[in-house]
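input_27.pdb follows; it contains PDB, C-alpha atoms.
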MODEL        1
ATOM      1  CA  MET R  25      30.859  -7.698  49.278
ATOM      2  CA  PRO R  26      28.845  -7.427  46.044
ATOM      3  CA  LEU R  27      26.380  -4.545  46.075
ATOM      4  CA  ALA R  28      23.337  -6.834  46.005
ATOM      5  CA  GLY R  29      24.829  -8.694  48.929
ATOM      6  CA  VAL R  30      24.960  -5.526  51.029
ATOM      7  CA  VAL R  31      21.194  -5.137  50.966
ATOM      8  CA  ASP R  32      20.643  -8.789  51.825
ATOM      9  CA  ALA R  33      23.260  -8.666  54.582
ATOM     10  CA  LEU R  34      21.655  -5.607  56.163
ATOM     11  CA  GLU R  35      18.247  -7.235  56.019
ATOM     12  CA  ARG R  36      19.556 -10.338  57.759
ATOM     13  CA  ILE R  37      21.462  -8.322  60.327
ATOM     14  CA  HIS R  38      18.365  -6.215  60.986
ATOM     15  CA  VAL R  39      16.310  -9.329  61.718
ATOM     16  CA  SER R  40      18.980 -10.815  63.968
ATOM     17  CA  LEU R  41      19.422  -7.661  66.078
ATOM     18  CA  ASP R  42      17.347  -7.059  69.156
ATOM     19  CA  ASP R  43      15.448  -3.761  69.269
ATOM     20  CA  GLY R  44      17.923  -0.929  69.721
ATOM     21  CA  GLY R  45      20.773  -3.101  68.492
ATOM     22  CA  ALA R  46      23.540  -1.433  66.515
ATOM     23  CA  VAL R  47      25.436  -1.986  63.299
ATOM     24  CA  VAL R  48      28.964  -0.623  63.273
ATOM     25  CA  ASP R  49      30.100  -0.083  59.689
ATOM     26  CA  THR R  50      33.723   0.818  59.148
ATOM     27  CA  GLN R  51      35.255   1.542  55.765
ATOM     28  CA  PRO R  52      38.470   3.080  54.461
ATOM     29  CA  VAL R  53      37.274   6.140  52.575
ATOM     30  CA  GLY R  54      40.393   8.112  51.660
ATOM     31  CA  GLU R  55      41.031   8.338  47.937
ATOM     32  CA  HIS R  56      44.775   8.882  48.272
ATOM     33  CA  PRO R  57      46.103   7.264  51.451
ATOM     34  CA  PRO R  58      49.709   8.266  52.089
ATOM     35  CA  VAL R  59      52.644   5.871  52.401
ATOM     36  CA  PHE R  60      55.615   6.644  54.632
ATOM     37  CA  ALA R  61      59.087   5.223  55.059
ATOM     38  CA  GLU R  62      61.259   6.027  58.026
ATOM     39  CA  GLU R  63      62.827   8.835  56.013
ATOM     40  CA  GLY R  64      59.510  10.446  55.146
ATOM     41  CA  PRO R  65      56.576  10.335  52.712
ATOM     42  CA  LEU R  66      56.864   8.161  49.604
ATOM     43  CA  GLY R  67      53.591   8.990  47.872
ATOM     44  CA  THR R  68      50.046   7.698  47.921
ATOM     45  CA  LEU R  69      47.939   4.802  46.726
ATOM     46  CA  ASP R  70      45.067   5.530  44.364
ATOM     47  CA  LEU R  71      41.763   4.402  45.874
ATOM     48  CA  ARG R  72      39.418   6.499  43.740
ATOM     49  CA  GLU R  73      37.818   3.401  42.267
ATOM     50  CA  TRP R  74      37.350   2.025  45.784
ATOM     51  CA  ALA R  75      35.737   5.303  46.812
ATOM     52  CA  ASP R  76      33.183   4.779  44.056
ATOM     53  CA  ILE R  77      32.418   1.316  45.461
ATOM     54  CA  VAL R  78      31.994   2.775  48.940
ATOM     55  CA  ALA R  79      29.679   5.484  47.570
ATOM     56  CA  ALA R  80      27.500   2.866  45.899
ATOM     57  CA  THR R  81      27.431   0.826  49.108
ATOM     58  CA  ASP R  82      26.537   3.955  51.083
ATOM     59  CA  ALA R  83      23.587   4.545  48.794
ATOM     60  CA  GLU R  84      22.275   1.062  49.556
ATOM     61  CA  ILE R  85      22.795   1.546  53.272
ATOM     62  CA  MET R  86      20.952   4.868  53.194
ATOM     63  CA  LYS R  87      17.993   3.137  51.561
ATOM     64  CA  THR R  88      17.615   1.063  54.723
ATOM     65  CA  VAL R  89      17.708   4.279  56.749
ATOM     66  CA  GLU R  90      15.088   5.912  54.542
ATOM     67  CA  ALA R  91      12.972   2.756  54.832
ATOM     68  CA  GLY R  92      12.977   3.168  58.595
ATOM     69  CA  ARG R  93      14.956   0.037  59.402
ATOM     70  CA  PHE R  94      17.917   1.849  60.868
ATOM     71  CA  SER R  95      18.776   5.330  62.041
ATOM     72  CA  LEU R  96      22.252   6.749  61.564
ATOM     73  CA  VAL R  97      23.416   7.904  64.986
ATOM     74  CA  GLY R  98      27.176   8.230  64.671
ATOM     75  CA  ASP R  99      29.759   9.153  62.051
ATOM     76  CA  ARG R 100      33.420   9.505  62.938
ATOM     77  CA  HIS R 101      36.723   9.437  61.102
ATOM     78  CA  ILE R 102      39.990   8.018  62.376
ATOM     79  CA  VAL R 103      43.382   7.199  60.880
ATOM     80  CA  VAL R 104      44.229   3.495  60.760
ATOM     81  CA  SER R 105      47.833   2.563  60.036
ATOM     82  CA  ASP R 106      49.049  -0.593  58.298
ATOM     83  CA  PHE R 107      52.692  -1.644  58.541
ATOM     84  CA  TYR R 108      54.770  -3.597  56.037
ATOM     85  CA  ASP R 109      58.297  -4.939  56.046
ATOM     86  CA  ASP R 110      59.085  -2.887  52.957
ATOM     87  CA  LEU R 111      57.476  -1.031  50.081
ATOM     88  CA  ALA R 112      57.533  -4.093  47.847
ATOM     89  CA  GLU R 113      55.399  -5.995  50.346
ATOM     90  CA  LEU R 114      52.873  -3.170  50.551
ATOM     91  CA  ILE R 115      52.633  -2.923  46.770
ATOM     92  CA  ASP R 116      52.224  -6.681  46.493
ATOM     93  CA  GLU R 117      49.374  -6.628  49.034
ATOM     94  CA  ALA R 118      47.687  -3.556  47.606
ATOM     95  CA  ALA R 119      47.666  -5.116  44.150
ATOM     96  CA  GLY R 120      45.050  -7.543  45.460
ATOM     97  CA  TRP R 121      42.763  -4.916  46.992
ATOM     98  CA  ALA R 122      39.531  -4.021  45.242
ATOM     99  CA  GLY R 123      39.474  -0.626  43.566
ATOM    100  CA  THR R 124      43.116   0.060  44.337
ATOM    101  CA  THR R 125      45.849   1.197  41.976
ATOM    102  CA  VAL R 126      49.510   1.637  42.767
ATOM    103  CA  PRO R 127      50.721   4.793  40.983
ATOM    104  CA  ARG R 128      53.941   4.442  39.010
ATOM    105  CA  THR R 129      55.502   7.235  41.016
ATOM    106  CA  LEU R 130      55.173   5.060  44.108
ATOM    107  CA  ALA R 131      56.095   1.760  42.461
ATOM    108  CA  ARG R 132      59.290   3.271  41.029
ATOM    109  CA  GLN R 133      60.617   3.791  44.556
ATOM    110  CA  VAL R 134      60.737   0.098  45.477
ATOM    111  CA  ASP R 135      64.423  -0.374  44.743
ATOM    112  CA  ALA R 136      65.432   2.835  46.464
ATOM    113  CA  THR R 137      63.414   2.306  49.631
ATOM    114  CA  ARG R 138      64.653   0.180  52.499
ATOM    115  CA  GLY R 139      62.927  -0.883  55.676
ATOM    116  CA  GLU R 140      59.404  -0.772  57.014
ATOM    117  CA  VAL R 141      56.710   1.380  55.514
ATOM    118  CA  ARG R 142      53.416   2.640  56.890
ATOM    119  CA  LEU R 143      50.125   3.208  55.118
ATOM    120  CA  ASP R 144      47.728   5.649  56.786
ATOM    121  CA  GLN R 145      44.068   5.241  55.858
ATOM    122  CA  ASP R 146      41.161   7.557  56.614
ATOM    123  CA  VAL R 147      38.586   5.189  58.084
ATOM    124  CA  ARG R 148      34.981   6.187  58.595
ATOM    125  CA  ILE R 149      33.039   4.589  61.430
ATOM    126  CA  ARG R 150      29.262   4.778  61.262
ATOM    127  CA  VAL R 151      26.746   3.515  63.777
ATOM    128  CA  LEU R 152      23.277   2.495  62.645
ATOM    129  CA  VAL R 153      20.685   1.641  65.281
ATOM    130  CA  LYS R 154      17.808  -0.723  64.593
ATOM    131  CA  GLN R 155      14.421   0.981  64.598
TER     132      GLN R 155
ATOM    133  CA  MET T   6      49.278  12.864  61.336
ATOM    134  CA  HIS T   7      51.967  12.694  58.706
ATOM    135  CA  GLY T   8      54.836  14.391  60.450
ATOM    136  CA  GLY T   9      57.342  13.333  63.070
ATOM    137  CA  ALA T  10      59.511  10.291  63.465
ATOM    138  CA  PRO T  11      58.014   6.887  62.719
ATOM    139  CA  SER T  12      56.973   5.172  65.911
ATOM    140  CA  TRP T  13      56.467   1.607  64.775
ATOM    141  CA  LYS T  14      60.025   0.375  65.077
ATOM    142  CA  ASN T  15      60.784  -2.309  67.651
ATOM    143  CA  ARG T  16      57.235  -2.842  68.736
ATOM    144  CA  GLY T  17      57.213  -6.554  67.925
ATOM    145  CA  LEU T  18      54.204  -6.385  65.661
ATOM    146  CA  MET T  19      51.718  -9.202  65.943
ATOM    147  CA  GLN T  20      49.299  -7.549  63.565
ATOM    148  CA  ARG T  21      50.067  -5.529  60.498
ATOM    149  CA  ARG T  22      46.828  -3.574  60.339
ATOM    150  CA  ASP T  23      46.206  -1.163  63.185
ATOM    151  CA  PRO T  24      48.466  -2.915  65.709
ATOM    152  CA  ASP T  25      47.599  -0.342  68.360
ATOM    153  CA  GLY T  26      43.891  -1.101  68.059
ATOM    154  CA  VAL T  27      42.892   2.474  67.239
ATOM    155  CA  GLU T  28      39.883   1.356  65.225
ATOM    156  CA  PHE T  29      38.539  -1.021  67.844
ATOM    157  CA  GLN T  30      38.971   1.573  70.581
ATOM    158  CA  ALA T  31      37.030   4.117  68.520
ATOM    159  CA  ILE T  32      34.251   1.558  68.036
ATOM    160  CA  ALA T  33      34.195   0.788  71.744
ATOM    161  CA  ASP T  34      33.833   4.510  72.419
ATOM    162  CA  LEU T  35      30.735   4.639  70.188
ATOM    163  CA  VAL T  36      28.847   1.472  71.132
ATOM    164  CA  GLU T  37      28.550  -0.628  74.266
ATOM    165  CA  LEU T  38      30.213  -3.965  73.662
ATOM    166  CA  ARG T  39      30.749  -4.978  77.276
ATOM    167  CA  GLY T  40      28.564  -7.940  78.137
ATOM    168  CA  GLY T  41      26.881  -7.868  74.749
ATOM    169  CA  ARG T  42      26.136 -10.463  72.110
ATOM    170  CA  VAL T  43      28.196  -9.500  69.086
ATOM    171  CA  VAL T  44      28.230 -10.731  65.516
ATOM    172  CA  ASP T  45      31.479 -10.084  63.629
ATOM    173  CA  VAL T  46      30.398  -9.894  59.985
ATOM    174  CA  GLY T  47      33.223 -10.850  57.624
ATOM    175  CA  CYS T  48      35.587 -11.403  60.536
ATOM    176  CA  GLY T  49      38.580 -12.129  58.291
ATOM    177  CA  THR T  50      41.559 -13.165  60.386
ATOM    178  CA  GLY T  51      39.892 -11.927  63.545
ATOM    179  CA  ARG T  52      41.289  -8.413  63.840
ATOM    180  CA  MET T  53      38.129  -7.239  65.607
ATOM    181  CA  THR T  54      37.109 -10.600  67.034
ATOM    182  CA  LEU T  55      39.867 -10.854  69.570
ATOM    183  CA  PRO T  56      39.451  -7.448  71.262
ATOM    184  CA  ALA T  57      35.673  -7.801  71.122
ATOM    185  CA  ALA T  58      35.907 -11.196  72.804
ATOM    186  CA  GLU T  59      37.753  -9.611  75.692
ATOM    187  CA  VAL T  60      34.720  -7.516  76.635
ATOM    188  CA  ALA T  61      31.615  -9.059  75.057
ATOM    189  CA  ALA T  62      29.603 -11.928  76.505
ATOM    190  CA  SER T  63      29.626 -13.820  73.229
ATOM    191  CA  ILE T  64      30.854 -13.417  69.658
ATOM    192  CA  TYR T  65      29.548 -15.097  66.542
ATOM    193  CA  ALA T  66      32.268 -14.499  63.957
ATOM    194  CA  PHE T  67      31.874 -15.567  60.355
ATOM    195  CA  ASP T  68      33.617 -15.125  57.042
ATOM    196  CA  PRO T  69      33.333 -16.915  53.696
ATOM    197  CA  ASN T  70      37.122 -17.359  53.529
ATOM    198  CA  GLU T  71      37.998 -20.590  55.305
ATOM    199  CA  ASP T  72      41.704 -19.806  55.515
ATOM    200  CA  SER T  73      40.980 -16.511  57.237
ATOM    201  CA  VAL T  74      38.670 -18.150  59.753
ATOM    202  CA  THR T  75      41.296 -20.809  60.455
ATOM    203  CA  LYS T  76      43.835 -18.076  61.190
ATOM    204  CA  ALA T  77      41.359 -16.197  63.356
ATOM    205  CA  ARG T  78      40.593 -19.307  65.341
ATOM    206  CA  ALA T  79      44.296 -20.043  65.807
ATOM    207  CA  THR T  80      45.107 -16.584  67.160
ATOM    208  CA  LEU T  81      42.353 -16.575  69.762
ATOM    209  CA  PRO T  82      43.748 -17.163  73.268
ATOM    210  CA  ALA T  83      42.480 -20.315  74.952
ATOM    211  CA  GLY T  84      40.834 -18.271  77.687
ATOM    212  CA  LEU T  85      38.534 -16.558  75.185
ATOM    213  CA  ARG T  86      37.557 -19.543  73.073
ATOM    214  CA  GLY T  87      34.459 -20.248  75.102
ATOM    215  CA  ARG T  88      33.019 -16.889  74.108
ATOM    216  CA  VAL T  89      33.597 -17.113  70.377
ATOM    217  CA  SER T  90      31.926 -19.242  67.724
ATOM    218  CA  PHE T  91      33.684 -19.135  64.363
ATOM    219  CA  ARG T  92      31.867 -20.203  61.237
ATOM    220  CA  VAL T  93      32.713 -20.283  57.523
ATOM    221  CA  HIS T  94      29.879 -18.737  55.519
ATOM    222  CA  GLY T  95      28.775 -15.500  53.933
ATOM    223  CA  ALA T  96      26.219 -13.002  55.184
ATOM    224  CA  GLU T  97      23.652 -14.506  52.830
ATOM    225  CA  THR T  98      23.455 -17.621  54.997
ATOM    226  CA  LEU T  99      23.383 -15.959  58.403
ATOM    227  CA  ASP T 100      20.786 -17.979  60.285
ATOM    228  CA  VAL T 101      18.529 -15.163  61.436
ATOM    229  CA  ALA T 102      15.969 -17.550  62.917
ATOM    230  CA  ARG T 103      18.443 -18.832  65.492
ATOM    231  CA  ARG T 104      20.733 -15.883  66.175
ATOM    232  CA  ARG T 105      20.096 -12.777  68.288
ATOM    233  CA  PHE T 106      22.642 -10.006  68.729
ATOM    234  CA  ASP T 107      23.096  -6.621  70.334
ATOM    235  CA  VAL T 108      25.842  -5.372  68.021
ATOM    236  CA  ALA T 109      26.905  -6.222  64.476
ATOM    237  CA  LEU T 110      30.522  -5.352  63.688
ATOM    238  CA  CYS T 111      31.065  -4.820  59.969
ATOM    239  CA  GLY T 112      34.746  -3.968  59.817
ATOM    240  CA  TRP T 113      35.651  -3.184  56.203
ATOM    241  CA  SER T 114      33.224  -5.910  55.212
ATOM    242  CA  LEU T 115      30.024  -4.375  53.805
TER     243      LEU T 115
ENDMDL
END
Starting from the file, give its structure as structure tokens.
Amino acid sequence: MPLAGVVDALERIHVSLDDGGAVVDTQPVGEHPPVFAEEGPLGTLDLREWADIVAATDAEIMKTVEAGRFSLVGDRHIVVSDFYDDLAELIDEAAGWAGTTVPRTLARQVDATRGEVRLDQDVRIRVLVKQ
Amino acid sequence: MHGGAPSWKNRGLMQRRDPDGVEFQAIADLVELRGGRVVDVGCGTGRMTLPAAEVAASIYAFDPNEDSVTKARATLPAGLRGRVSFRVHGAETLDVARRRFDVALCGWSL
């Protein structure tokens, strides 16, 4: 979502929530999520640019907290795993993700890697309650 | 987290992202969804919509990507369709005058 859209979305959500209603915001926040094949780790994706986008979004969200529209009541991290038929499929998908780069060290392993791969992402879950 | 033998073999994956529902379970631990009116903001292909529909009273799920909404609608079991309204639009056109919710799920969408 474009940054300007975040503010508008939160305003609309705020209006549509009953008093005490909650916004659950989840985002992948790890800068270097690891990729695994059955044989072991293959490397990481580079999500540093994405992390910058998340930081900018966070700043907008915190403005709504400072304005008294929401209070931040929960913040938790979990690991969310994605599964792909093979490394080539993961790289093909990741190429379309915002703020994501596939390092050459990972891409070079496509031909040598067989079978399913797993991507583990650090996902932050935050709960904002309407004030 | 990173060690041990992979455990995803032979599980007949229906969903590539978080097939075990770890994220939804963590959300359900943090907020009360049971019996609630939920809006799924940027629902995509319905990864959160389906489990939410199993416990919530009603879901309003929207996404600007029509193909994603079509997929989400298609994967919803017939028994849950009465609880879920899918729409194709962005957050900027959420009709706040007509909609009231208890929980807004923004899964990787803000």
At what distance in Å, to one decimal, does atom CA of Phe107 of chain R lie from atom CA of Arg142 of chain R? 4.6 Å
Expressed in Å to a single decimal, how great is the separation between atom CA of Val108 of chain T and atom CA of Leu41 of chain R?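 Interatomic distance, atom CA of Val108 of chain T to atom CA of Leu41 of chain R: 7.1 Å.
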May I ask you to extract the residues of chain R within 8 Å of chain T, using all atoms listed in the file, and to give them as a PyMOL selection string? chain R and resi 25+29-30+32-33+36-37+39-42+44-52+61-62+65+81+98+102-108+149+151
Keeping C-alpha atoms for every residue in the selection just given, could you write it to a file as a PDB file, in the coordinates of the input?
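Final file, selection-v1.pdb:
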ATOM      1  CA  MET R  25      30.859  -7.698  49.278  1.00  0.00           C
ATOM      2  CA  GLY R  29      24.829  -8.694  48.929  1.00  0.00           C
ATOM      3  CA  VAL R  30      24.960  -5.526  51.029  1.00  0.00           C
ATOM      4  CA  ASP R  32      20.643  -8.789  51.825  1.00  0.00           C
ATOM      5  CA  ALA R  33      23.260  -8.666  54.582  1.00  0.00           C
ATOM      6  CA  ARG R  36      19.556 -10.338  57.759  1.00  0.00           C
ATOM      7  CA  ILE R  37      21.462  -8.322  60.327  1.00  0.00           C
ATOM      8  CA  VAL R  39      16.310  -9.329  61.718  1.00  0.00           C
ATOM      9  CA  SER R  40      18.980 -10.815  63.968  1.00  0.00           C
ATOM     10  CA  LEU R  41      19.422  -7.661  66.078  1.00  0.00           C
ATOM     11  CA  ASP R  42      17.347  -7.059  69.156  1.00  0.00           C
ATOM     12  CA  GLY R  44      17.923  -0.929  69.721  1.00  0.00           C
ATOM     13  CA  GLY R  45      20.773  -3.101  68.492  1.00  0.00           C
ATOM     14  CA  ALA R  46      23.540  -1.433  66.515  1.00  0.00           C
ATOM     15  CA  VAL R  47      25.436  -1.986  63.299  1.00  0.00           C
ATOM     16  CA  VAL R  48      28.964  -0.623  63.273  1.00  0.00           C
ATOM     17  CA  ASP R  49      30.100  -0.083  59.689  1.00  0.00           C
ATOM     18  CA  THR R  50      33.723   0.818  59.148  1.00  0.00           C
ATOM     19  CA  GLN R  51      35.255   1.542  55.765  1.00  0.00           C
ATOM     20  CA  PRO R  52      38.470   3.080  54.461  1.00  0.00           C
ATOM     21  CA  ALA R  61      59.087   5.223  55.059  1.00  0.00           C
ATOM     22  CA  GLU R  62      61.259   6.027  58.026  1.00  0.00           C
ATOM     23  CA  PRO R  65      56.576  10.335  52.712  1.00  0.00           C
ATOM     24  CA  THR R  81      27.431   0.826  49.108  1.00  0.00           C
ATOM     25  CA  GLY R  98      27.176   8.230  64.671  1.00  0.00           C
ATOM     26  CA  ILE R 102      39.990   8.018  62.376  1.00  0.00           C
ATOM     27  CA  VAL R 103      43.382   7.199  60.880  1.00  0.00           C
ATOM     28  CA  VAL R 104      44.229   3.495  60.760  1.00  0.00           C
ATOM     29  CA  SER R 105      47.833   2.563  60.036  1.00  0.00           C
ATOM     30  CA  ASP R 106      49.049  -0.593  58.298  1.00  0.00           C
ATOM     31  CA  PHE R 107      52.692  -1.644  58.541  1.00  0.00           C
ATOM     32  CA  TYR R 108      54.770  -3.597  56.037  1.00  0.00           C
ATOM     33  CA  ILE R 149      33.039   4.589  61.430  1.00  0.00           C
ATOM     34  CA  VAL R 151      26.746   3.515  63.777  1.00  0.00           C
TER      35      VAL R 151
END
Quick one, how far is atom CA of Arg100 of chain R from atom CA of Ala83 of chain R?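 Pair atom CA of Arg100 of chain R / atom CA of Ala83 of chain R returns 17.9 Å.
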Using the chain letters and numbers from this file, what does the PyMOL selection byres ((chain R and resi 68) around 9) select? Give the answer as an NGL selection string. :R and (56-60 or 65-67 or 69-70 or 126-127 or 129-130 or 143)
Nearest residue to Asp135 of chain R out of R:Met86, R:Ala112, R:His38, R:Glu117, using all atoms listed in the file? R:Ala112
Skipping near chain neighbours, those fewer than 4 positions away, what residues fall within 9 Å of His101 of chain R using only C-alpha atoms, listed as a PyMOL selection string? chain R and resi 146-150
For the selection just defined, write its residues with C-alpha atoms to a file, as an mmCIF file, in the coordinates of the input.
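Final file, again_25.cif:
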data_model
loop_
_atom_site.group_PDB
_atom_site.id
_atom_site.type_symbol
_atom_site.label_atom_id
_atom_site.label_comp_id
_atom_site.auth_asym_id
_atom_site.auth_seq_id
_atom_site.Cartn_x
_atom_site.Cartn_y
_atom_site.Cartn_z
ATOM 1 C CA ASP R 146 41.161 7.557 56.614
ATOM 2 C CA VAL R 147 38.586 5.189 58.084
ATOM 3 C CA ARG R 148 34.981 6.187 58.595
ATOM 4 C CA ILE R 149 33.039 4.589 61.430
ATOM 5 C CA ARG R 150 29.262 4.778 61.262
#
